Amino acid sequence: MSLESWHKVLDPKVKGTINLHEALLHEPLDFFVMTSSTLGTIGASTQSNYAAANAFLDSMARHRWSLGLEACSIALGMVVGVGHVESHPGEFTFAAHHKAQQTIANMKQTLRDLSSREVYTVFLQTTSSR
């Protein structure tokens with residue numbers, strides 16, 4: 001993976017999250033929700049940039065909690081009907097992405113796909129008071 005590819009995926013999540021964290025640091029927030037991915041934990045090596053970006057979000061949630069601030073990182077599995085895999089199905093058929101295919105197949109066996117309504121329900125549960 002090129003350095004450009006690494007930063008193309010990592011920078012928006014990392015820099016965007018840091019910017020929001022710093023801009024809202026002294027605001028009395030009811031919630032600070034970040035959506036990460038289960039691939040942050042079990043992603044394939046071909047998705048290391050994506051895994052690192054999502055692991056950063058999980059770490060930022062822990063950091064904000066350590067400061068006594070609101071934070072939640074929801075590590076979602078595949079959401080049915082949306083997302084990169086859904087909009088680029090042919091991209092995951094090449095031999096170079098075989099390990100990614102195996103990871104996704106394993107996730108589908110281990111984790112149930114979520115509907116967008118289920119994601120919304122999870123979001124509502126995370127934003128309710130502690």
# chains A, B, ... in the order shown; residues from 1 in each chain; ligands from 1
>>> residues_around(residues="Phe31 in chain A", least_positions_apart="2", cutoff="8 Å", atoms="only C-alpha atoms", output="PyMOL selection string")
chain A and resi 29+33+70-72+127
>>> atom_distance(atom1="CA of Asp30 in chain A", atom2="CA of Leu10 in chain A")
26.8 Å
>>> closest_residue(among="A:Met1, A:Leu57, A:Val9, A:Leu124", to="His21 in chain A", atoms="only C-alpha atoms")
A:Leu57
>>> atom_distance(atom1="CA of His26 in chain A", atom2="CA of Ala52 in chain A")
27.2 Å
>>> closest_residue(among="A:Ser87, A:Thr46, A:Ser2, A:Thr17", to="Asp58 in chain A", atoms="only C-alpha atoms")
A:Thr17
>>> closest_residue(among="A:Leu67, A:Ala53, A:Leu24, A:Val14", to="Ser36 in chain A", atoms="only C-alpha atoms")
A:Ala53
>>> atom_distance(atom1="CA of Thr35 in chain A", atom2="CA of Ala75 in chain A")
6.1 Å
